[in-house]
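Undergrad: run05.txt is reproduced below (compact mmCIF, C-alpha atoms and all ligand atoms).
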```txt
# COMPACT_ATOMS: atom_id res chain seq x y z
CA MET A 1 6.25 5.90 27.58
CA SER A 2 8.66 5.19 24.71
CA THR A 3 12.28 4.34 25.47
CA ALA A 4 14.96 6.51 23.82
CA PRO A 5 17.38 4.44 21.72
CA THR A 6 20.66 3.71 23.51
CA PRO A 7 23.70 1.94 22.07
CA SER A 8 22.41 -1.30 23.62
CA ASN A 9 18.81 -1.19 22.35
CA ARG A 10 19.47 0.00 18.81
CA LEU A 11 18.56 -2.43 16.03
CA PRO A 12 21.75 -4.14 14.79
CA ILE A 13 21.76 -4.19 10.99
CA ALA A 14 24.13 -5.77 8.46
CA ILE A 15 24.21 -4.73 4.81
CA ALA A 16 25.04 -6.99 1.85
CA GLY A 17 26.41 -5.45 -1.33
CA ALA A 18 27.77 -2.64 0.81
CA THR A 19 29.79 -0.93 -1.92
CA GLY A 20 26.91 -0.98 -4.44
CA ARG A 21 24.61 1.92 -5.35
CA MET A 22 22.00 0.79 -2.83
CA GLY A 23 24.57 -0.50 -0.35
CA GLN A 24 26.03 2.99 0.03
CA MET A 25 22.59 4.59 0.42
CA LEU A 26 21.81 2.04 3.11
CA ILE A 27 25.06 2.70 4.99
CA GLU A 28 24.17 6.40 5.16
CA ALA A 29 20.61 5.68 6.22
CA VAL A 30 21.70 3.34 9.02
CA LEU A 31 24.39 5.77 10.24
CA ASP A 32 21.75 8.52 10.33
CA ALA A 33 19.07 6.45 12.11
CA PRO A 34 19.25 6.99 15.87
CA ASP A 35 17.55 3.65 16.56
CA CYS A 36 19.81 1.52 14.31
CA VAL A 37 23.46 0.49 14.36
CA LEU A 38 25.62 -0.87 11.53
CA VAL A 39 27.21 -4.14 12.69
CA GLY A 40 28.09 -5.81 9.38
CA ALA A 41 29.04 -4.74 5.86
CA LEU A 42 29.38 -7.60 3.42
CA GLU A 43 31.11 -7.61 0.06
CA ARG A 44 32.19 -10.33 -2.30
CA SER A 45 35.58 -11.96 -1.73
CA GLY A 46 38.50 -10.24 -3.35
CA HIS A 47 36.84 -6.83 -3.28
CA ALA A 48 39.51 -4.11 -3.28
CA ARG A 49 38.08 -2.31 -0.22
CA LEU A 50 37.77 -5.25 2.20
CA GLY A 51 38.95 -4.29 5.68
CA GLU A 52 38.14 -0.58 5.30
CA ASP A 53 35.55 1.10 7.52
CA ALA A 54 32.28 0.83 5.54
CA ALA A 55 31.36 4.36 6.64
CA GLN A 56 34.32 5.66 4.61
CA LEU A 57 32.46 4.63 1.45
CA VAL A 58 30.10 7.52 2.11
CA GLY A 59 32.69 9.93 3.50
CA ARG A 60 31.88 9.19 7.13
CA SER A 61 33.49 7.34 10.04
CA GLY A 62 32.29 5.05 12.80
CA GLY A 63 30.83 2.19 10.76
CA CYS A 64 32.27 -1.32 10.77
CA GLY A 65 34.84 -3.15 8.67
CA LEU A 66 33.94 -4.27 5.14
CA THR A 67 34.20 -8.05 5.11
CA ASP A 68 33.65 -11.05 2.83
CA ASP A 69 33.17 -13.29 5.89
CA LEU A 70 29.46 -14.10 6.39
CA ASP A 71 30.07 -15.24 9.97
CA ALA A 72 31.70 -11.96 10.89
CA ALA A 73 29.07 -9.84 9.11
CA LEU A 74 26.12 -11.65 10.71
CA ARG A 75 27.58 -12.33 14.17
CA ASP A 76 25.86 -9.40 15.89
CA ALA A 77 23.12 -8.71 13.31
CA ARG A 78 19.40 -8.99 13.88
CA VAL A 79 18.54 -8.07 10.26
CA LEU A 80 20.48 -8.35 6.99
CA ILE A 81 19.45 -5.86 4.29
CA ASP A 82 20.37 -7.33 0.91
CA PHE A 83 20.44 -5.46 -2.42
CA THR A 84 22.79 -7.55 -4.53
CA ARG A 85 22.09 -10.18 -7.22
CA PRO A 86 19.90 -13.30 -6.95
CA ILE A 87 22.88 -15.70 -6.69
CA ALA A 88 24.38 -13.72 -3.79
CA THR A 89 21.04 -13.15 -2.03
CA LEU A 90 20.35 -16.90 -2.04
CA GLN A 91 23.73 -17.61 -0.43
CA HIS A 92 23.01 -14.98 2.21
CA LEU A 93 19.51 -16.43 2.70
CA GLU A 94 20.91 -19.82 3.76
CA ALA A 95 23.38 -18.16 6.13
CA CYS A 96 20.63 -16.01 7.71
CA ARG A 97 18.33 -18.99 8.04
CA ALA A 98 21.02 -21.02 9.81
CA ARG A 99 21.69 -18.16 12.24
CA GLY A 100 18.12 -16.89 12.80
CA VAL A 101 18.84 -13.49 11.23
CA ALA A 102 15.88 -11.69 9.58
CA MET A 103 16.21 -10.42 6.00
CA VAL A 104 15.06 -7.42 4.00
CA ILE A 105 15.48 -8.46 0.36
CA GLY A 106 15.48 -5.71 -2.26
CA THR A 107 17.27 -7.69 -4.98
CA THR A 108 15.23 -8.23 -8.16
CA GLY A 109 15.40 -10.73 -11.01
CA PHE A 110 14.64 -13.98 -9.16
CA THR A 111 13.38 -17.00 -11.12
CA GLU A 112 10.30 -18.84 -9.87
CA ASP A 113 12.47 -21.56 -8.29
CA GLU A 114 14.58 -18.96 -6.53
CA ARG A 115 11.42 -17.27 -5.23
CA ALA A 116 10.30 -20.64 -3.87
CA ARG A 117 13.54 -20.91 -1.88
CA ILE A 118 12.79 -17.56 -0.25
CA ASP A 119 9.23 -18.73 0.59
CA GLU A 120 10.72 -21.85 2.14
CA ALA A 121 13.27 -19.96 4.27
CA ALA A 122 10.49 -17.68 5.55
CA ARG A 123 9.16 -20.66 7.52
CA ASP A 124 12.12 -20.18 9.84
CA ILE A 125 13.05 -16.49 9.66
CA PRO A 126 11.04 -13.32 9.01
CA ILE A 127 11.66 -11.84 5.54
CA VAL A 128 10.44 -8.71 3.76
CA LEU A 129 10.75 -9.23 0.00
CA ALA A 130 9.79 -6.28 -2.19
CA PRO A 131 11.02 -5.18 -5.62
CA ASN A 132 10.51 -1.59 -4.56
CA MET A 133 10.80 -0.29 -0.98
CA SER A 134 9.53 3.22 -1.67
CA VAL A 135 6.29 4.34 -0.06
CA GLY A 136 5.21 5.98 -3.32
CA VAL A 137 5.52 2.85 -5.45
CA ASN A 138 3.68 0.75 -2.89
CA VAL A 139 0.81 3.25 -2.78
CA THR A 140 0.88 3.22 -6.61
CA LEU A 141 0.39 -0.55 -6.52
CA LYS A 142 -2.83 0.00 -4.56
CA LEU A 143 -4.01 2.66 -7.03
CA LEU A 144 -3.34 0.20 -9.85
CA GLU A 145 -5.43 -2.48 -8.16
CA PHE A 146 -8.36 -0.06 -8.05
CA ALA A 147 -7.82 1.25 -11.61
CA ALA A 148 -7.41 -2.24 -13.10
CA LYS A 149 -10.67 -3.44 -11.54
CA ALA A 150 -12.56 -0.34 -12.62
CA LEU A 151 -11.11 -0.43 -16.18
CA SER A 152 -11.03 -4.19 -16.69
CA GLU A 153 -13.08 -4.06 -19.94
CA GLY A 154 -12.20 -1.96 -23.01
CA TYR A 155 -8.80 -0.67 -21.88
CA ASP A 156 -5.45 -1.96 -23.14
CA ILE A 157 -2.80 -2.06 -20.43
CA GLU A 158 0.87 -1.27 -21.06
CA ILE A 159 3.63 -0.96 -18.45
CA ILE A 160 6.59 1.26 -19.31
CA GLU A 161 9.70 1.44 -17.14
CA ALA A 162 12.95 3.40 -17.42
CA HIS A 163 16.19 2.88 -15.47
CA HIS A 164 19.90 3.77 -15.51
CA ARG A 165 22.35 2.19 -17.92
CA HIS A 166 23.83 -0.14 -15.26
CA LYS A 167 20.65 -2.07 -14.50
CA VAL A 168 21.06 -5.76 -15.39
CA ASP A 169 17.50 -7.17 -15.24
CA ALA A 170 14.46 -6.36 -17.38
CA PRO A 171 11.66 -5.63 -17.04
CA SER A 172 12.28 -4.18 -13.60
CA GLY A 173 11.03 -6.09 -10.56
CA THR A 174 8.62 -3.22 -9.93
CA ALA A 175 7.15 -3.41 -13.46
CA LEU A 176 6.64 -7.15 -13.05
CA LYS A 177 4.99 -6.60 -9.67
CA MET A 178 2.69 -4.01 -11.25
CA GLY A 179 1.80 -6.61 -13.88
CA GLU A 180 1.09 -9.20 -11.19
CA VAL A 181 -1.14 -6.81 -9.25
CA ILE A 182 -3.09 -5.86 -12.38
CA ALA A 183 -3.41 -9.48 -13.52
CA ALA A 184 -4.67 -10.58 -10.09
CA ALA A 185 -7.14 -7.69 -9.89
CA THR A 186 -8.62 -8.58 -13.30
CA GLY A 187 -8.56 -12.37 -12.99
CA ARG A 188 -5.74 -12.89 -15.52
CA ASP A 189 -2.63 -15.05 -15.37
CA LEU A 190 0.37 -12.80 -15.99
CA LYS A 191 2.42 -15.64 -17.45
CA ALA A 192 -0.25 -16.23 -20.08
CA CYS A 193 -1.03 -12.61 -20.93
CA ALA A 194 2.32 -10.78 -20.66
CA VAL A 195 3.92 -9.49 -23.88
CA PHE A 196 7.58 -8.66 -23.34
CA GLU A 197 8.72 -8.06 -26.92
CA ARG A 198 7.37 -6.57 -30.12
CA HIS A 199 9.40 -6.56 -33.30
CA GLY A 200 8.64 -6.94 -36.99
CA HIS A 201 5.14 -7.92 -38.14
CA THR A 202 3.47 -8.30 -34.76
CA GLY A 203 -0.14 -8.37 -35.91
CA GLU A 204 -2.82 -6.42 -34.04
CA ARG A 205 -2.74 -6.13 -30.29
CA ARG A 206 -4.39 -9.13 -28.58
CA THR A 207 -7.21 -8.16 -26.21
CA GLY A 208 -6.43 -8.87 -22.58
CA THR A 209 -2.66 -8.84 -22.92
CA ILE A 210 -0.41 -6.74 -20.67
CA GLY A 211 2.51 -5.21 -22.56
CA PHE A 212 5.89 -4.29 -21.07
CA ALA A 213 8.33 -1.74 -22.49
CA THR A 214 11.83 -1.17 -21.12
CA ILE A 215 14.06 1.91 -21.44
CA ARG A 216 17.70 1.94 -20.21
CA GLY A 217 19.86 5.04 -20.17
CA GLY A 218 22.00 7.50 -18.23
CA ASP A 219 21.38 7.87 -14.52
CA ILE A 220 17.57 7.43 -14.43
CA VAL A 221 16.87 6.26 -10.88
CA GLY A 222 13.57 4.52 -11.68
CA ASP A 223 10.40 5.56 -13.57
CA HIS A 224 7.27 3.45 -13.97
CA THR A 225 4.10 4.29 -15.90
CA VAL A 226 1.03 2.14 -16.40
CA LEU A 227 -1.09 3.16 -19.38
CA PHE A 228 -4.74 2.22 -19.61
CA ALA A 229 -5.58 2.99 -23.26
CA GLY A 230 -9.29 3.04 -24.06
CA THR A 231 -11.31 4.41 -26.96
CA GLY A 232 -11.29 8.19 -26.91
CA GLU A 233 -9.27 8.46 -23.70
CA ARG A 234 -6.28 7.13 -21.83
CA ILE A 235 -5.22 7.12 -18.22
CA GLU A 236 -1.61 7.06 -17.05
CA ILE A 237 -0.52 6.23 -13.53
CA SER A 238 3.13 7.14 -13.02
CA HIS A 239 5.75 7.03 -10.31
CA LYS A 240 9.19 8.59 -10.66
CA SER A 241 12.07 8.17 -8.20
CA SER A 242 14.57 11.02 -8.06
CA SER A 243 16.76 9.56 -5.27
CA ARG A 244 17.62 6.09 -3.97
CA ALA A 245 17.20 7.46 -0.43
CA THR A 246 13.52 6.54 -0.67
CA TYR A 247 14.43 2.84 -1.11
CA ALA A 248 16.86 3.01 1.81
CA GLU A 249 14.30 4.64 4.13
CA GLY A 250 11.73 2.01 3.16
CA SER A 251 14.27 -0.73 3.87
CA LEU A 252 14.83 0.59 7.39
CA ARG A 253 11.07 0.63 7.98
CA ALA A 254 11.04 -2.99 6.83
CA ALA A 255 13.93 -3.86 9.18
CA ARG A 256 12.12 -2.32 12.17
CA PHE A 257 8.96 -4.23 11.21
CA LEU A 258 10.91 -7.53 11.11
CA ALA A 259 12.30 -6.95 14.59
CA THR A 260 8.72 -7.60 15.82
CA ARG A 261 8.29 -10.89 13.89
CA THR A 262 9.70 -14.40 14.31
CA SER A 263 9.04 -15.86 10.83
CA GLY A 264 6.96 -15.36 7.66
CA LEU A 265 7.19 -13.69 4.26
CA TYR A 266 6.03 -10.07 4.12
CA ASP A 267 5.95 -7.26 1.57
CA MET A 268 5.94 -3.48 1.87
CA SER A 269 2.16 -3.42 2.01
CA ASP A 270 2.46 -5.29 5.33
CA VAL A 271 5.22 -2.98 6.55
CA LEU A 272 3.29 0.18 5.67
CA GLY A 273 -0.12 -1.17 6.74
CA LEU A 274 -1.62 -0.32 3.33
CA GLU A 275 -4.23 -3.12 3.39
CA ARG A 276 -6.18 -1.18 6.04
CA LEU A 277 -6.33 1.92 3.82
CA ALA A 278 -7.05 0.34 0.41
CA PRO A 279 -10.43 1.20 -1.15
CA SER A 280 -12.71 -1.76 -1.87
CA VAL A 281 -14.05 -1.97 -5.42
N1 LIG A 301 13.70 -3.17 -3.87
C1 LIG A 301 14.09 -1.91 -4.16
O1 LIG A 301 13.52 -0.93 -3.65
C2 LIG A 301 15.27 -1.71 -5.06
C3 LIG A 301 15.88 -2.79 -5.62
N2 LIG A 301 17.04 -2.65 -6.32
C4 LIG A 301 17.67 -3.89 -6.74
O2 LIG A 301 18.81 -4.09 -5.88
C5 LIG A 301 19.82 -4.80 -6.58
C6 LIG A 301 21.13 -4.02 -6.48
O3 LIG A 301 21.01 -2.79 -7.14
P1 LIG A 301 22.22 -1.74 -7.16
O4 LIG A 301 22.60 -1.37 -5.77
O5 LIG A 301 21.82 -0.68 -8.10
O6 LIG A 301 23.37 -2.65 -7.82
P2 LIG A 301 24.94 -2.51 -7.71
O7 LIG A 301 25.50 -3.30 -8.86
O8 LIG A 301 25.35 -1.08 -7.56
O9 LIG A 301 25.29 -3.24 -6.34
C7 LIG A 301 25.22 -4.61 -6.18
C8 LIG A 301 26.15 -5.02 -5.06
O10 LIG A 301 26.06 -6.45 -4.89
C9 LIG A 301 27.37 -7.00 -5.01
N3 LIG A 301 27.31 -8.33 -5.67
C10 LIG A 301 26.94 -8.57 -6.92
N4 LIG A 301 27.06 -9.89 -7.18
C11 LIG A 301 27.54 -10.45 -6.06
C12 LIG A 301 27.88 -11.78 -5.70
N5 LIG A 301 27.75 -12.78 -6.54
N6 LIG A 301 28.30 -12.00 -4.43
C13 LIG A 301 28.42 -10.99 -3.57
N7 LIG A 301 28.13 -9.70 -3.86
C14 LIG A 301 27.69 -9.43 -5.10
C15 LIG A 301 28.13 -6.04 -5.90
O11 LIG A 301 29.51 -6.21 -5.74
P3 LIG A 301 30.50 -5.97 -6.99
O12 LIG A 301 30.43 -4.50 -7.25
O13 LIG A 301 31.81 -6.46 -6.51
O14 LIG A 301 29.93 -6.76 -8.13
C16 LIG A 301 27.61 -4.70 -5.37
O15 LIG A 301 28.25 -4.33 -4.19
C17 LIG A 301 19.29 -4.98 -8.01
O16 LIG A 301 18.70 -6.26 -8.11
C18 LIG A 301 18.22 -3.90 -8.14
O17 LIG A 301 17.22 -4.20 -9.08
C19 LIG A 301 17.61 -1.44 -6.51
C20 LIG A 301 17.02 -0.31 -6.02
C21 LIG A 301 15.79 -0.36 -5.26
O1 LIG A 302 17.91 -1.46 -10.32
C1 LIG A 302 17.37 -0.42 -9.88
O2 LIG A 302 17.95 0.67 -9.86
C2 LIG A 302 16.00 -0.53 -9.37
N1 LIG A 302 15.48 -1.71 -9.27
C3 LIG A 302 14.21 -2.04 -8.74
C4 LIG A 302 13.36 -2.77 -9.76
O3 LIG A 302 13.90 -3.60 -10.52
O4 LIG A 302 12.15 -2.55 -9.80
C5 LIG A 302 13.53 -0.89 -8.07
C6 LIG A 302 13.82 0.48 -8.62
O5 LIG A 302 13.01 0.69 -9.72
C7 LIG A 302 15.29 0.69 -8.92
```
Can you turn what I pasted into structure tokens?
TA:
Amino acid sequence: MSTAPTPSNRLPIAIAGATGRMGQMLIEAVLDAPDCVLVGALERSGHARLGEDAAQLVGRSGGCGLTDDLDAALRDARVLIDFTRPIATLQHLEACRARGVAMVIGTTGFTEDERARIDEAARDIPIVLAPNMSVGVNVTLKLLEFAAKALSEGYDIEIIEAHHRHKVDAPSGTALKMGEVIAAATGRDLKACAVFERHGHTGERRTGTIGFATIRGGDIVGDHTVLFAGTGERIEISHKSSSRATYAEGSLRAARFLATRTSGLYDMSDVLGLERLAPSV
């Protein structure tokens, strides 16, 4: 028999970057989830709205105060959901590690060294790190694994992504993840075969490379297409997000998953159990 959520057994969640585009989506998602409770809303020091009820950011009431104090934000939290910038996420990571708080990390744009620090912290706390929390993108990653294996010879692979004008990193974390999945599935090293820029006299396309193209404009939430261009045909595998709610819902699924773990680094494939469903090629 399952137990109905009560105020005392709801999952206590804190949100970093609470006033951001994703922060606000997450506040709404947590307020709407009967099994979760918002116990911390973190913003950078000096933010104009510190002290306000975080729920007010989304036209609601009954949240918790916006704070720049990590101790206060994490005091009652079991999971911190962080969609900020790498420098902020890494500060939050150390604080969570010291306090035994799990983390869902949606931030993108980490360097290799920064990634290694997340791996290291996952020895002590459970972490879900994923550049895209949507179910659709994570299923797309599995489709790409299959397609890349089946089309490994004779098809040129290009990854095209489009996002809103405010995005600060490129290519998107999702596009890079797609590249990693394709490279792994076809025995390539992404660092050696990725082409991020073309300009001027580029010469012919080098066989085996994976090209990336970035579009920034308007309010595009997030589009990704992988093109497999062969001779006489081409295949396109696309995902388009029309709302950030899908990332927020995925983040809550990740938070619930972490509540059952004590340490380790996980991705959305673990959260969604996609390994069990993936076709073997
Ligand atoms: N994994 C996924 O599914 C998704 C990942 N993302 C990623 O999430 C991140 C955030 O995206 P988005 O919400 O659109 O960005 P926003 O710029 O809207 O929000 C970022 C938030 O982080 C805060 N912040 C930035 N720098 C710092 C800092 N140094 N210390 C403390 N707080 C800081 C910002 O505060 P301030 O406004 O004061 O700067 C803001 O509240 C990006 O890396 C993006 O790529 C986005 C969508 C989905
Ligand atoms: O910045 C965004 O908006 C997004 N960032 C993520 C990424 O870099 O892949 C995920 C999504 O595409 C939206």
Undergrad: Once you count only C-alpha atoms and all ligand atoms, what closest atom pair and distance in Å to one decimal does each residue of chain A within 8 Å of ligand LIG 301 (chain A) have, with rows by chain and rising residue number, as a Markdown table?
TA:
```
| residue | atom | partner | partner_atom | distance |
| --- | --- | --- | --- | --- |
| A:Ala16 | CA | A:LIG301 | O10 | 6.8 |
| A:Gly17 | CA | A:LIG301 | O15 | 3.6 |
| A:Ala18 | CA | A:LIG301 | O15 | 5.3 |
| A:Thr19 | CA | A:LIG301 | O15 | 4.4 |
| A:Gly20 | CA | A:LIG301 | O9 | 3.4 |
| A:Arg21 | CA | A:LIG301 | O8 | 3.8 |
| A:Met22 | CA | A:LIG301 | O4 | 3.7 |
| A:Gly23 | CA | A:LIG301 | O4 | 5.8 |
| A:Leu42 | CA | A:LIG301 | N7 | 7.7 |
| A:Glu43 | CA | A:LIG301 | N7 | 5.3 |
| A:Arg44 | CA | A:LIG301 | C13 | 4.0 |
| A:Ser45 | CA | A:LIG301 | C13 | 7.5 |
| A:His47 | CA | A:LIG301 | O13 | 6.0 |
| A:Asp82 | CA | A:LIG301 | O2 | 7.7 |
| A:Phe83 | CA | A:LIG301 | O2 | 4.1 |
| A:Thr84 | CA | A:LIG301 | O10 | 3.5 |
| A:Arg85 | CA | A:LIG301 | N4 | 5.0 |
| A:Pro86 | CA | A:LIG301 | O16 | 7.2 |
| A:Ile87 | CA | A:LIG301 | N5 | 5.7 |
| A:Ala88 | CA | A:LIG301 | N6 | 4.3 |
| A:Thr89 | CA | A:LIG301 | N6 | 7.7 |
| A:Ile105 | CA | A:LIG301 | N1 | 7.0 |
| A:Gly106 | CA | A:LIG301 | N1 | 3.5 |
| A:Thr107 | CA | A:LIG301 | O16 | 3.7 |
| A:Thr108 | CA | A:LIG301 | O16 | 4.0 |
| A:Gly109 | CA | A:LIG301 | O16 | 6.3 |
| A:Leu129 | CA | A:LIG301 | N1 | 7.8 |
| A:Ala130 | CA | A:LIG301 | N1 | 5.3 |
| A:Pro131 | CA | A:LIG301 | N1 | 3.8 |
| A:Asn132 | CA | A:LIG301 | O1 | 3.2 |
| A:Met133 | CA | A:LIG301 | O1 | 3.9 |
| A:Ser134 | CA | A:LIG301 | O1 | 6.1 |
| A:His166 | CA | A:LIG301 | O7 | 7.3 |
| A:Lys167 | CA | A:LIG301 | O5 | 6.7 |
| A:Val168 | CA | A:LIG301 | O17 | 7.5 |
| A:Asp169 | CA | A:LIG301 | O17 | 6.8 |
| A:Ser172 | CA | A:LIG301 | O17 | 6.7 |
| A:Gly173 | CA | A:LIG301 | O17 | 6.6 |
| A:Thr174 | CA | A:LIG301 | N1 | 7.9 |
| A:Arg244 | CA | A:LIG301 | C20 | 6.7 |
| A:Tyr247 | CA | A:LIG301 | O1 | 4.6 |
| A:Ala248 | CA | A:LIG301 | O1 | 7.5 |
| A:Gly250 | CA | A:LIG301 | O1 | 7.6 |
| A:Ser251 | CA | A:LIG301 | O1 | 7.6 |
```
Undergrad: Please, what distance in Å, to one decimal, runs between atom CA of Ser61 of chain A and atom CA of Ala14 of chain A?
TA: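 Interatomic distance here is 16.2 Å.
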Undergrad: In terms of the shortest atom-to-atom distance over only C-alpha atoms and all ligand atoms, which of A:Gly187, A:Gly59, A:Gly154, A:Gly179 is closest to ligand LIG 302 (chain A)?
TA: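 With only C-alpha atoms and all ligand atoms as the atom set, the closest residue is A:Gly179.
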Undergrad: Atom CA of Thr225 of chain A and atom CA of Glu158 of chain A, how far apart in Å?
TA: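 Spanning atom CA of Glu158 of chain A to atom CA of Thr225 of chain A is a straight-line distance of 8.2 Å.
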Undergrad: Distance atom CA of Val79 of chain A-atom CA of Val181 of chain A, one decimal place?
TA: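 Separation between atom CA of Val79 of chain A and atom CA of Val181 of chain A: 27.7 Å.
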Undergrad: Please, can segment 80-105 of chain A be completed to N, CA and C atoms and returned as a PDB file, in the frame of the given file?
TA:
```pdb
ATOM      1  N   LEU A  80      19.590  -8.603   8.126  1.00  0.00           N
ATOM      2  CA  LEU A  80      20.480  -8.350   6.990  1.00  0.00           C
ATOM      3  C   LEU A  80      19.658  -7.679   5.891  1.00  0.00           C
ATOM      4  N   ILE A  81      20.116  -6.531   5.424  1.00  0.00           N
ATOM      5  CA  ILE A  81      19.450  -5.860   4.290  1.00  0.00           C
ATOM      6  C   ILE A  81      20.281  -6.168   3.047  1.00  0.00           C
ATOM      7  N   ASP A  82      19.647  -6.788   2.060  1.00  0.00           N
ATOM      8  CA  ASP A  82      20.370  -7.330   0.910  1.00  0.00           C
ATOM      9  C   ASP A  82      19.859  -6.740  -0.403  1.00  0.00           C
ATOM     10  N   PHE A  83      20.703  -5.950  -1.064  1.00  0.00           N
ATOM     11  CA  PHE A  83      20.440  -5.460  -2.420  1.00  0.00           C
ATOM     12  C   PHE A  83      21.648  -5.855  -3.240  1.00  0.00           C
ATOM     13  N   THR A  84      21.626  -7.078  -3.784  1.00  0.00           N
ATOM     14  CA  THR A  84      22.790  -7.550  -4.530  1.00  0.00           C
ATOM     15  C   THR A  84      22.357  -8.132  -5.871  1.00  0.00           C
ATOM     16  N   ARG A  85      22.523  -9.425  -6.036  1.00  0.00           N
ATOM     17  CA  ARG A  85      22.090 -10.180  -7.220  1.00  0.00           C
ATOM     18  C   ARG A  85      21.466 -11.455  -6.702  1.00  0.00           C
ATOM     19  N   PRO A  86      20.566 -12.098  -7.463  1.00  0.00           N
ATOM     20  CA  PRO A  86      19.900 -13.300  -6.950  1.00  0.00           C
ATOM     21  C   PRO A  86      20.876 -14.358  -6.415  1.00  0.00           C
ATOM     22  N   ILE A  87      21.964 -14.626  -7.131  1.00  0.00           N
ATOM     23  CA  ILE A  87      22.880 -15.700  -6.690  1.00  0.00           C
ATOM     24  C   ILE A  87      23.484 -15.387  -5.316  1.00  0.00           C
ATOM     25  N   ALA A  88      23.806 -14.118  -5.081  1.00  0.00           N
ATOM     26  CA  ALA A  88      24.380 -13.720  -3.790  1.00  0.00           C
ATOM     27  C   ALA A  88      23.304 -13.745  -2.706  1.00  0.00           C
ATOM     28  N   THR A  89      22.123 -13.204  -3.021  1.00  0.00           N
ATOM     29  CA  THR A  89      21.040 -13.150  -2.030  1.00  0.00           C
ATOM     30  C   THR A  89      20.707 -14.561  -1.532  1.00  0.00           C
ATOM     31  N   LEU A  90      20.714 -15.543  -2.449  1.00  0.00           N
ATOM     32  CA  LEU A  90      20.350 -16.900  -2.040  1.00  0.00           C
ATOM     33  C   LEU A  90      21.414 -17.513  -1.128  1.00  0.00           C
ATOM     34  N   GLN A  91      22.673 -17.147  -1.361  1.00  0.00           N
ATOM     35  CA  GLN A  91      23.730 -17.610  -0.430  1.00  0.00           C
ATOM     36  C   GLN A  91      23.518 -16.983   0.946  1.00  0.00           C
ATOM     37  N   HIS A  92      23.220 -15.696   0.941  1.00  0.00           N
ATOM     38  CA  HIS A  92      23.010 -14.980   2.210  1.00  0.00           C
ATOM     39  C   HIS A  92      21.772 -15.519   2.940  1.00  0.00           C
ATOM     40  N   LEU A  93      20.760 -15.903   2.136  1.00  0.00           N
ATOM     41  CA  LEU A  93      19.510 -16.430   2.700  1.00  0.00           C
ATOM     42  C   LEU A  93      19.800 -17.677   3.555  1.00  0.00           C
ATOM     43  N   GLU A  94      20.607 -18.586   3.009  1.00  0.00           N
ATOM     44  CA  GLU A  94      20.910 -19.820   3.760  1.00  0.00           C
ATOM     45  C   GLU A  94      21.661 -19.485   5.047  1.00  0.00           C
ATOM     46  N   ALA A  95      22.588 -18.533   4.948  1.00  0.00           N
ATOM     47  CA  ALA A  95      23.380 -18.160   6.130  1.00  0.00           C
ATOM     48  C   ALA A  95      22.466 -17.520   7.186  1.00  0.00           C
ATOM     49  N   CYS A  96      21.540 -16.678   6.758  1.00  0.00           N
ATOM     50  CA  CYS A  96      20.630 -16.010   7.710  1.00  0.00           C
ATOM     51  C   CYS A  96      19.702 -17.042   8.350  1.00  0.00           C
ATOM     52  N   ARG A  97      19.237 -17.964   7.517  1.00  0.00           N
ATOM     53  CA  ARG A  97      18.330 -18.990   8.040  1.00  0.00           C
ATOM     54  C   ARG A  97      19.029 -19.821   9.114  1.00  0.00           C
ATOM     55  N   ALA A  98      20.275 -20.197   8.848  1.00  0.00           N
ATOM     56  CA  ALA A  98      21.020 -21.020   9.810  1.00  0.00           C
ATOM     57  C   ALA A  98      21.275 -20.274  11.114  1.00  0.00           C
ATOM     58  N   ARG A  99      21.331 -18.939  11.044  1.00  0.00           N
ATOM     59  CA  ARG A  99      21.690 -18.160  12.240  1.00  0.00           C
ATOM     60  C   ARG A  99      20.504 -17.417  12.853  1.00  0.00           C
ATOM     61  N   GLY A 100      19.306 -17.573  12.259  1.00  0.00           N
ATOM     62  CA  GLY A 100      18.120 -16.890  12.800  1.00  0.00           C
ATOM     63  C   GLY A 100      18.145 -15.392  12.605  1.00  0.00           C
ATOM     64  N   VAL A 101      18.795 -14.941  11.518  1.00  0.00           N
ATOM     65  CA  VAL A 101      18.840 -13.490  11.230  1.00  0.00           C
ATOM     66  C   VAL A 101      17.735 -13.152  10.213  1.00  0.00           C
ATOM     67  N   ALA A 102      16.959 -12.113  10.485  1.00  0.00           N
ATOM     68  CA  ALA A 102      15.880 -11.690   9.580  1.00  0.00           C
ATOM     69  C   ALA A 102      16.491 -11.054   8.325  1.00  0.00           C
ATOM     70  N   MET A 103      15.694 -11.016   7.238  1.00  0.00           N
ATOM     71  CA  MET A 103      16.210 -10.420   6.000  1.00  0.00           C
ATOM     72  C   MET A 103      15.241  -9.445   5.359  1.00  0.00           C
ATOM     73  N   VAL A 104      15.777  -8.324   4.901  1.00  0.00           N
ATOM     74  CA  VAL A 104      15.060  -7.420   4.000  1.00  0.00           C
ATOM     75  C   VAL A 104      15.700  -7.640   2.636  1.00  0.00           C
ATOM     76  N   ILE A 105      14.924  -8.147   1.688  1.00  0.00           N
ATOM     77  CA  ILE A 105      15.480  -8.460   0.360  1.00  0.00           C
ATOM     78  C   ILE A 105      14.935  -7.474  -0.673  1.00  0.00           C
TER      79      ILE A 105
END
```
